[in-house]
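Visitor: The structure under discussion is supplied below as structure tokens; questions concerning it will follow.
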Amino acid sequence: MVPAPSNDRLAPYAAKDETSRGRGIPEPSPVYRGEYQRDRDRIVHSAAFRRLEYKTQVFVNHEGDMFRTRLTHSIEVAQIGRTIARILHLHEELTEGIALAHDLGHTPFGHAGQDALNECMAGHGGFEHNLQSLRVVDALEEKYAAFQGLNLTFETREGILKHCPPSKARELGALGERFLQARQPSLEAQVANLADEIAYNNHDVDDGLRASLISIDELREVSLFREQHDEVLRQWPGLPLRRAIHEVIRRMINRQVVDLVEVSQSAIRAYSPRDVDAVREAPVPLIRFGEGILEQHRELKRFLRNNLYRHYRVHRMSLKAQRIIRALFQAFTEDPRTLPPEFQAHTRDLEETHGDAGRSRAVADYIAGMTDRYAIMEYERVYNPTQLT
Ligand code: MG
């Protein structure tokens, strides 16, 4: 066995390859790579990861080429997460792997799609994107000869599962325990989680401005934006708009990252966990924002909810998206023979073991895996008689 390159920089409380709780199906250690590096690589090579390119969060994929997709979002989360992990001497590749995988279970059309699919699945266990991300890496990716899914380490799976209701947690064994016992995940998971928030709040400002759904004047109500905007205007009066926006947003990200690093450093120092298990026992997450930034962060989130996510144009598109999801779900559950053959087989398998709930779950798996454009095309193929099937 060739040992993974040692990482002397890791703090005692970082997750470590050699103390990993391992994989569901034991495998020999990789050659020249660490365990979390291999997890990250498997995620990058997965089909679900490639589909993130054509899935969106706020805007639908065909609305414009300049908006974030779930792929570019995940890359931004990984970038912010790695920066923080490196400063705190945490495991960068574990943070990166969690960041790249965290949105794999999202439906097409962002939250509108997830809400519609969750409604369709009421009575059959519901649908939740975060649990679906875990389902993708645990079961739905079919690539490896020896196992279903990607057979990732406990720590990567722990990071992917950000939240989980108690009823589901009980089904998940060791992975679900922390939700029943109010414990924490690794610091790497905590970093990836807050890097996600930093990434989307800031890039939604950028995308919202680009789409002219929100304006600079409106955004100046938000203190986090106003402070950095004032600073950019003072330093660079007359800077063209596009550059000014980028300057403000990069400073907002930097402000939040620096605060997070400094506050987390002192929380870690005060608690001084001897290892990753001590991190898990901590009563509260040690990776956190300071009170001031937390309040500003909440103010920004409120602004985005009221002015962007509830904008009538976003809302119209959300309703269209939900109609598509509901219609697809209805057509496929009514007659699973309309599904592509591999999903007919998946549906038969789940139906055999779980009856109607299994049939619905298999259809939800198929729909959740779709990209925005594929869902629209599939809707046309299923419902429009003039379309080729
Ligand atoms: Mg995300």
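Chain lettering (A, B, ...) mirrors the order of the structure tokens, residue numbering begins at 1 for each chain separately, and ligand numbering begins at 1 in order of display.
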Taking only C-alpha atoms and all ligand atoms and a cut-off of 12 Å, can you tell me which residues surround ligand 1, written as a ChimeraX atom specification?

Guide: /A:52,55-58,68-78,81,98-106,110-111,129-130,133,160,162,192-201,203-204

Visitor: Determine, counting only C-alpha atoms, which protein, DNA and RNA residues have an atom within 8 Å of an atom of segment 267-283 of chain A; residues of the same chain fewer than 2 positions away are not included. Present the result as an mmCIF file with N, CA and C atoms, in the first residue's frame.

Guide:
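Resulting contents of result15.cif:
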data_model
loop_
_atom_site.group_PDB
_atom_site.id
_atom_site.type_symbol
_atom_site.label_atom_id
_atom_site.label_comp_id
_atom_site.auth_asym_id
_atom_site.auth_seq_id
_atom_site.Cartn_x
_atom_site.Cartn_y
_atom_site.Cartn_z
ATOM 1 N N PRO A 12 -5.385 18.916 15.590
ATOM 2 C CA PRO A 12 -5.829 17.683 16.253
ATOM 3 C C PRO A 12 -7.329 17.435 16.069
ATOM 4 N N TYR A 13 -8.110 18.507 15.970
ATOM 5 C CA TYR A 13 -9.577 18.378 15.874
ATOM 6 C C TYR A 13 -10.067 18.216 14.434
ATOM 7 N N ALA A 14 -9.140 18.178 13.470
ATOM 8 C CA ALA A 14 -9.544 17.961 12.066
ATOM 9 C C ALA A 14 -9.913 16.501 11.861
ATOM 10 N N ALA A 15 -10.741 16.239 10.828
ATOM 11 C CA ALA A 15 -10.995 14.846 10.439
ATOM 12 C C ALA A 15 -9.718 14.318 9.781
ATOM 13 N N ALA A 182 -28.654 15.343 19.427
ATOM 14 C CA ALA A 182 -28.254 16.765 19.349
ATOM 15 C C ALA A 182 -26.741 16.940 19.426
ATOM 16 N N ARG A 183 -26.019 16.170 18.609
ATOM 17 C CA ARG A 183 -24.566 16.346 18.537
ATOM 18 C C ARG A 183 -24.202 17.030 17.226
ATOM 19 N N GLN A 184 -22.933 17.325 17.063
ATOM 20 C CA GLN A 184 -22.469 18.080 15.897
ATOM 21 C C GLN A 184 -21.779 17.163 14.886
ATOM 22 N N PRO A 185 -21.724 17.599 13.632
ATOM 23 C CA PRO A 185 -20.875 16.889 12.665
ATOM 24 C C PRO A 185 -19.439 17.431 12.762
ATOM 25 N N SER A 186 -18.542 16.906 11.957
ATOM 26 C CA SER A 186 -17.146 17.376 11.939
ATOM 27 C C SER A 186 -17.082 18.878 11.634
ATOM 28 N N LEU A 187 -15.957 19.504 11.940
ATOM 29 C CA LEU A 187 -15.805 20.929 11.616
ATOM 30 C C LEU A 187 -15.812 21.135 10.108
ATOM 31 N N VAL A 263 -14.139 34.260 14.503
ATOM 32 C CA VAL A 263 -15.051 33.832 15.572
ATOM 33 C C VAL A 263 -14.897 32.326 15.814
ATOM 34 N N SER A 264 -14.758 31.555 14.734
ATOM 35 C CA SER A 264 -14.614 30.096 14.890
ATOM 36 C C SER A 264 -13.281 29.762 15.559
ATOM 37 N N GLN A 265 -12.228 30.496 15.173
ATOM 38 C CA GLN A 265 -10.924 30.252 15.807
ATOM 39 C C GLN A 265 -11.029 30.422 17.325
ATOM 40 N N PRO A 285 -22.373 24.120 17.436
ATOM 41 C CA PRO A 285 -21.340 24.122 16.402
ATOM 42 C C PRO A 285 -20.234 25.125 16.746
ATOM 43 N N LEU A 286 -18.996 24.745 16.500
ATOM 44 C CA LEU A 286 -17.873 25.647 16.785
ATOM 45 C C LEU A 286 -17.572 26.553 15.596
ATOM 46 N N ILE A 287 -18.064 26.177 14.421
ATOM 47 C CA ILE A 287 -17.915 27.047 13.242
ATOM 48 C C ILE A 287 -19.143 27.946 13.207
#

Visitor: Excluding segment 333-340 of chain A and any residue of its chain fewer than 6 positions from it, enumerate the residues within 8 Å of it, using only C-alpha atoms, and give them as a list of chain:residue names.

Guide: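 Result of the neighbour search: A:Thr347, A:Arg359, A:Ser360, A:Val363.
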
Visitor: Atoms to include: C-alpha atoms. Write the selected residues as a JSON list (two decimals), in the first residue's frame.

Guide:
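That gives us selection_5.json:
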[["chain", "number", "residue", "atom", "x", "y", "z"],
["A", 347, "THR", "CA", -39.77, 1.06, -10.19],
["A", 359, "ARG", "CA", -43.49, 3.07, -6.99],
["A", 360, "SER", "CA", -43.80, 6.73, -5.99],
["A", 363, "VAL", "CA", -40.70, 8.04, -9.88]]

Visitor: Out of A:Leu300, A:Ala357, A:Val261, A:Ile367, which residue has the shortest atom-to-atom distance to Val191 of chain A when counting only C-alpha atoms?

Guide: A:Val261
